[in-house]
Amino acid sequence: MMNFQSDLQSLIGRFKIWVRTFRGSITLFSLVGLLLVPLSGNEYLATVLVTAMIFSIFAASWDFLAGFAGQVSFGHAAFFGISGYFTAAFVEFFNVHWIVSLFIGGGYAVVFSLLIGIPCLRLKGPYLALGTLAFALILWNLFLTGTWLGGTTGISGLPSLGNIFIVFYIIAAFMVASLIIMRAIVDSRLGTILKSIRDDETCADASGINTTTYKLIAFMISGFFAGIAGGLFTLHLTAVNPGAFQTLYSFYAIIMAAIGGMVTIYGSVIGAFLFTLLSEFLRPLAAAALLIFATLLILIVRFAEEGVMNPFLERVQDVWDFIRRR
Amino acid sequence: MIEEILIYGTMQGALLALLALGFSLVYGVGGILNLAHGAFYLITAYMIYWILPYFIFFDNYLLRFGITAAISLVLVVGIAAVTYLGLMKPLQESHIGIVLVTFALAFFFEQFVKFVGDPKTHFIVPFVPDTITFLGVTFPAQLIALLVGSVTLVIVVTLFINKSTIGKSIRAVSQDYEAAQLVGINTDMILMTTVMISALLVGFAAVFYAPGNFIAPRIGWRYLLLAFSVTIFGGMGSIPGSILGAFIMGYATSLTDLLISPTFSVIIPIVVILVMLLVRPQGLLGKKELY
């Protein structure tokens, strides 16, 4: 389906053109700025940013499913938690190398996305959202009341990945790779098919697209990346407990994607960073922080459907063009 | 054994009917999927818990509880009206927008309860004390109040929808939104009434069921899940379907409670959703299409 073996030369050429565009240069500047953070030697900031980067993968995976394929999921925590658990289990009980167990965890997330997707895709729109929410709640209850995989306390004491700054670069690499892959999928033929399903399912069906298969594919891709995020989160915290399944994480993905702007993939990064940094600032307020976020989400959904990234970038671009014309 | 299943199943069914009826009604009439449905239960229960101490000067607990419950119900119906006007009506065009905003609202209420109160579990003293032994089964007398209240409310609401003028308008809007507008029905008003009836029903569920049970900020999601699974089972937007579905689900839950284990009965809703979606996606008595 995807032609990854495109000519390297043309890829580099396209990259050079992209860098010269406004968005390209902004993105590169931000990325370089992000990668320079560990040089400051501030461990606290690095830890916060690592969380933000993990969440941006998670939010982007939600945006992929909801924004591009039009399938709103409220149970993304299910993939997050499943992969977290299996990654932890393979590292802890079978002594598998963490990077292998990460992908095994992602694989389990794909299996679960199929298990959830096959029955739930008979539902449309809001009912799909509720169906996935139900699945995540059930998994949460099962892990909370069950005795398997560490029971209510979960699995803890995983080997650390090393110095926080090394972790920072590992996770930055994962974030960049995941986002680029997701963006590439969205811009490919598969992405076009998904968008056509989102815009008019009957019409897509009539054009000879097997909508169920493609929706399942979207579910699996999204589940995989959510799983990668969950696995990285577990490895970063070196522990996992049933809390990984709670609705809060699904909510995190949605609020981050909504803050950044849906149907963008990259907006999730902005959303995740804004969200994580803001919640660090609001930490002294404890319970009020989540209350503020809930209010914020209501306001954003109600009044600013586009999120903050695109409108902001457009403003900046206007200013930039204005300066250059002088 | 069989008596226990029958009695507890009936009680569970009475609760589920109250929860699912409003949920199904709002969907059937306006196509609005209210994810804050469980949150309405949550805030009603907490308002009762918070307001009760203010009426300590009434010696009679039943009277004290009655006044508190009345205030809470009025407040929750008011909140529902504000929710409809402020959040649902402007976003009516996009189904996803409504789902997102009500989800955010449910989360907001959960955090609100956590913030204003505390995240611990609380206990409301039941307004009908003691236990009753019937057919050799002993159970809290509070459940009798739940059963009586539920049956009365379900009958009242069904009669209201079938006989009264507003009820007829509600049915007209659910059959054809635009045609209802053409004959001069104020559809916004009708939708608001429906959301308010739904909040009233779920509020009554909290009034009857929350005393004698533990309440915590997270319980809203559980009741949303119950309402949702009953609605899928009975057929989306079908009132007889959701009542029938509620009682079948009630018996199924109490059967698994007693035969297998209470931990297993937690996943009964999801099993019901799964099987129903695979076998008969439109539900027991539902309309053919799903949206």
# chains A, B, ... in the order shown; residues from 1 in each chain; ligands from 1
$ residues_around --residues "segment 141-146 of chain A" --least-positions-apart "6" --cutoff "10 Å" --atoms "only C-alpha atoms" --output "list in words"
Gly81, Ile82, Tyr85, Phe135, Thr152, Thr153, Gly154, Asn241, Pro242, Gly243, Ala244, Phe245 and Gln246 of chain A; Thr263, Phe264, Val266 and Ile267 of chain B
$ select_by_dssp --residues "segment 147-259 of chain A" --states "helix (DSSP H, G or I)" --output "PyMOL selection string"
chain A and resi 148-153+164-187+189-199+201-206+211-237+242-245+247-259
$ residues_around --residues "Gly70 of chain A" --least-positions-apart "6" --cutoff "10 Å" --atoms "only C-alpha atoms" --output "PyMOL selection string"
(chain A and resi 63-64+124-125+194-201+215+218+263) or (chain B and resi 96)
$ write_last_selection --atoms "N, CA and C atoms" --output "tab-separated table (two decimals), in the first residue's frame"
chain	number	residue	atom	x	y	z
A	63	ASP	N	-5.77	11.59	17.39
A	63	ASP	CA	-6.11	12.51	16.31
A	63	ASP	C	-6.16	11.78	14.98
A	64	PHE	N	-5.26	10.81	14.81
A	64	PHE	CA	-5.25	10.01	13.59
A	64	PHE	C	-6.59	9.33	13.39
A	124	LYS	N	-21.86	3.84	14.88
A	124	LYS	CA	-21.40	5.00	14.14
A	124	LYS	C	-21.35	6.20	15.07
A	125	GLY	N	-20.48	7.14	14.74
A	125	GLY	CA	-20.42	8.41	15.42
A	125	GLY	C	-20.34	8.29	16.92
A	194	LEU	N	-9.20	7.12	4.07
A	194	LEU	CA	-9.75	7.34	5.42
A	194	LEU	C	-10.55	8.64	5.46
A	195	LYS	N	-9.99	9.69	4.83
A	195	LYS	CA	-10.69	10.98	4.83
A	195	LYS	C	-12.01	10.86	4.09
A	196	SER	N	-12.01	10.06	3.01
A	196	SER	CA	-13.27	9.93	2.27
A	196	SER	C	-14.31	9.21	3.12
A	197	ILE	N	-13.86	8.24	3.93
A	197	ILE	CA	-14.80	7.55	4.82
A	197	ILE	C	-15.34	8.53	5.86
A	198	ARG	N	-14.45	9.39	6.37
A	198	ARG	CA	-14.87	10.36	7.37
A	198	ARG	C	-15.90	11.32	6.80
A	199	ASP	N	-15.65	11.77	5.56
A	199	ASP	CA	-16.52	12.81	5.00
A	199	ASP	C	-17.86	12.27	4.56
A	200	ASP	N	-17.88	11.10	3.94
A	200	ASP	CA	-19.16	10.54	3.52
A	200	ASP	C	-19.01	9.03	3.38
A	201	GLU	N	-19.51	8.33	4.40
A	201	GLU	CA	-19.26	6.90	4.41
A	201	GLU	C	-20.02	6.18	3.31
A	215	LYS	N	-11.60	1.07	8.12
A	215	LYS	CA	-11.78	1.59	9.47
A	215	LYS	C	-10.99	0.75	10.47
A	218	ALA	N	-7.42	1.73	10.28
A	218	ALA	CA	-7.20	2.97	11.02
A	218	ALA	C	-7.16	2.68	12.52
A	263	VAL	N	-7.30	17.11	13.36
A	263	VAL	CA	-7.01	16.91	11.95
A	263	VAL	C	-5.70	17.57	11.55
B	96	ILE	N	-20.28	14.85	16.80
B	96	ILE	CA	-19.02	14.69	17.52
B	96	ILE	C	-18.85	15.81	18.54
$ atom_distance --atom1 "atom CA of Ile171 of chain A" --atom2 "atom CA of Phe74 of chain A"
25.0 Å
$ interface_residues --of "chain B" --to "chain A" --cutoff "8 Å" --atoms "only C-alpha atoms" --output "PyMOL selection string"
chain B and resi 33+87+90-91+95-97+99-101+104-105+107-108+111-112+114-115+225+228+263+266-267+270+273-274+277-278+281+290-291
$ write_last_selection --atoms "C-alpha atoms" --output "tab-separated table (two decimals), in the first residue's frame"
chain	number	residue	atom	x	y	z
B	33	LEU	CA	-25.99	11.47	23.03
B	87	LEU	CA	-23.64	23.52	25.31
B	90	PRO	CA	-25.14	25.50	19.77
B	91	LEU	CA	-23.36	22.27	18.84
B	95	HIS	CA	-22.69	14.91	16.62
B	96	ILE	CA	-19.02	14.69	17.52
B	97	GLY	CA	-19.13	18.16	19.05
B	99	VAL	CA	-20.23	13.97	22.37
B	100	LEU	CA	-17.01	15.82	23.12
B	101	VAL	CA	-18.68	18.59	25.05
B	104	ALA	CA	-15.95	17.18	29.00
B	105	LEU	CA	-18.94	18.13	31.11
B	107	PHE	CA	-15.37	15.04	33.51
B	108	PHE	CA	-15.94	18.56	34.77
B	111	GLN	CA	-13.47	16.99	39.09
B	112	PHE	CA	-15.89	19.51	40.58
B	114	LYS	CA	-13.51	16.02	43.88
B	115	PHE	CA	-12.51	19.65	44.26
B	225	LEU	CA	-22.09	2.55	31.19
B	228	PHE	CA	-25.65	2.88	27.68
B	263	THR	CA	-16.52	-9.35	40.11
B	266	VAL	CA	-19.02	-5.99	36.28
B	267	ILE	CA	-18.33	-7.15	32.75
B	270	ILE	CA	-19.83	-5.21	27.98
B	273	ILE	CA	-23.07	-4.77	24.29
B	274	LEU	CA	-20.76	-7.13	22.39
B	277	LEU	CA	-23.87	-5.51	18.44
B	278	LEU	CA	-22.80	-8.68	16.71
B	281	PRO	CA	-27.15	-4.04	16.17
B	290	LEU	CA	-28.16	3.40	14.14
B	291	TYR	CA	-27.84	7.14	13.74
$ residues_around --residues "segment 203-206 of chain B" --least-positions-apart "4" --cutoff "6 Å" --atoms "only C-alpha atoms" --output "list in words"
Leu18, Tyr41, Thr44, Ala45, Leu73, Ala199 and Ala210 of chain B
$ select_by_dssp --residues "segment 55-284 of chain B" --states "strand (DSSP E)" --output "ChimeraX atom specification"
/B:122-123,131-134,137-140,214-215
$ write_last_selection --atoms "N, CA and C atoms" --output "mmCIF file, in the first residue's frame"
data_model
loop_
_atom_site.group_PDB
_atom_site.id
_atom_site.type_symbol
_atom_site.label_atom_id
_atom_site.label_comp_id
_atom_site.auth_asym_id
_atom_site.auth_seq_id
_atom_site.Cartn_x
_atom_site.Cartn_y
_atom_site.Cartn_z
ATOM 1 N N HIS B 122 -18.278 8.196 50.306
ATOM 2 C CA HIS B 122 -19.170 8.635 51.370
ATOM 3 C C HIS B 122 -20.378 7.729 51.419
ATOM 4 N N PHE B 123 -21.116 7.878 52.488
ATOM 5 C CA PHE B 123 -22.279 7.030 52.691
ATOM 6 C C PHE B 123 -23.468 7.909 53.068
ATOM 7 N N THR B 131 -34.456 -3.766 57.447
ATOM 8 C CA THR B 131 -34.469 -4.705 56.331
ATOM 9 C C THR B 131 -35.812 -5.421 56.304
ATOM 10 N N ILE B 132 -36.105 -6.007 55.190
ATOM 11 C CA ILE B 132 -37.375 -6.708 55.009
ATOM 12 C C ILE B 132 -37.066 -8.144 54.621
ATOM 13 N N THR B 133 -37.846 -9.077 55.139
ATOM 14 C CA THR B 133 -37.673 -10.459 54.715
ATOM 15 C C THR B 133 -38.897 -10.861 53.909
ATOM 16 N N PHE B 134 -38.645 -11.229 52.668
ATOM 17 C CA PHE B 134 -39.739 -11.577 51.769
ATOM 18 C C PHE B 134 -39.351 -12.848 51.033
ATOM 19 N N VAL B 137 -35.946 -14.114 51.713
ATOM 20 C CA VAL B 137 -34.774 -13.336 51.341
ATOM 21 C C VAL B 137 -34.793 -12.031 52.134
ATOM 22 N N THR B 138 -33.674 -11.701 52.759
ATOM 23 C CA THR B 138 -33.602 -10.465 53.529
ATOM 24 C C THR B 138 -32.863 -9.415 52.711
ATOM 25 N N PHE B 139 -33.493 -8.252 52.578
ATOM 26 C CA PHE B 139 -32.852 -7.185 51.819
ATOM 27 C C PHE B 139 -33.243 -5.836 52.411
ATOM 28 N N PRO B 140 -32.460 -4.771 52.140
ATOM 29 C CA PRO B 140 -32.763 -3.451 52.704
ATOM 30 C C PRO B 140 -34.122 -2.944 52.231
ATOM 31 N N PHE B 214 -22.516 3.377 48.547
ATOM 32 C CA PHE B 214 -21.395 4.301 48.655
ATOM 33 C C PHE B 214 -21.359 5.211 47.435
ATOM 34 N N ILE B 215 -21.005 6.475 47.666
ATOM 35 C CA ILE B 215 -20.840 7.388 46.538
ATOM 36 C C ILE B 215 -19.403 7.892 46.526
#
$ atom_distance --atom1 "atom CA of Asp188 of chain B" --atom2 "atom CA of Gly28 of chain B"
14.7 Å
$ atom_distance --atom1 "atom CA of Val272 of chain B" --atom2 "atom CA of Ser24 of chain B"
16.6 Å
$ residues_around --residues "Phe103 of chain A" --least-positions-apart "3" --cutoff "9 Å" --atoms "only C-alpha atoms" --output "ChimeraX atom specification"
/A:83,87,98-100,106-108,224,227-228,231
$ decode --residues "segment 137-177 of chain B" --atoms "C-alpha atoms" --output "short mmCIF file (atom, residue, chain, number, x, y, z; two decimals), in the first residue's frame"
data_model
loop_
_atom_site.label_atom_id
_atom_site.label_comp_id
_atom_site.auth_asym_id
_atom_site.auth_seq_id
_atom_site.Cartn_x
_atom_site.Cartn_y
_atom_site.Cartn_z
CA VAL B 137 -34.77 -13.34 51.34
CA THR B 138 -33.60 -10.47 53.53
CA PHE B 139 -32.85 -7.18 51.82
CA PRO B 140 -32.76 -3.45 52.70
CA ALA B 141 -36.22 -1.87 52.80
CA GLN B 142 -34.78 1.02 50.81
CA LEU B 143 -35.00 -1.18 47.74
CA ILE B 144 -38.80 -1.32 48.08
CA ALA B 145 -38.84 2.48 47.79
CA LEU B 146 -36.66 2.16 44.70
CA LEU B 147 -39.04 -0.34 43.12
CA VAL B 148 -42.20 1.64 43.91
CA GLY B 149 -40.62 4.93 42.83
CA SER B 150 -39.26 3.47 39.63
CA VAL B 151 -42.53 1.84 38.58
CA THR B 152 -44.50 5.01 39.37
CA LEU B 153 -42.09 7.24 37.46
CA VAL B 154 -41.92 4.98 34.45
CA ILE B 155 -45.73 4.89 34.26
CA VAL B 156 -46.01 8.66 34.76
CA VAL B 157 -43.41 9.42 32.09
CA THR B 158 -44.94 6.97 29.62
CA LEU B 159 -48.39 8.48 30.18
CA PHE B 160 -46.95 11.98 29.88
CA ILE B 161 -45.32 11.16 26.55
CA ASN B 162 -48.39 9.43 25.19
CA LYS B 163 -51.21 11.66 26.41
CA SER B 164 -50.16 15.22 27.22
CA THR B 165 -49.75 17.98 24.63
CA ILE B 166 -46.05 18.41 25.37
CA GLY B 167 -45.65 14.65 25.17
CA LYS B 168 -47.31 14.59 21.77
CA SER B 169 -44.98 17.37 20.63
CA ILE B 170 -42.02 15.35 21.92
CA ARG B 171 -43.15 12.39 19.82
CA ALA B 172 -43.69 14.63 16.82
CA VAL B 173 -40.16 16.02 17.10
CA SER B 174 -38.73 12.53 17.41
CA GLN B 175 -40.57 11.40 14.28
CA ASP B 176 -39.69 14.32 12.06
CA TYR B 177 -37.74 17.30 13.30
#
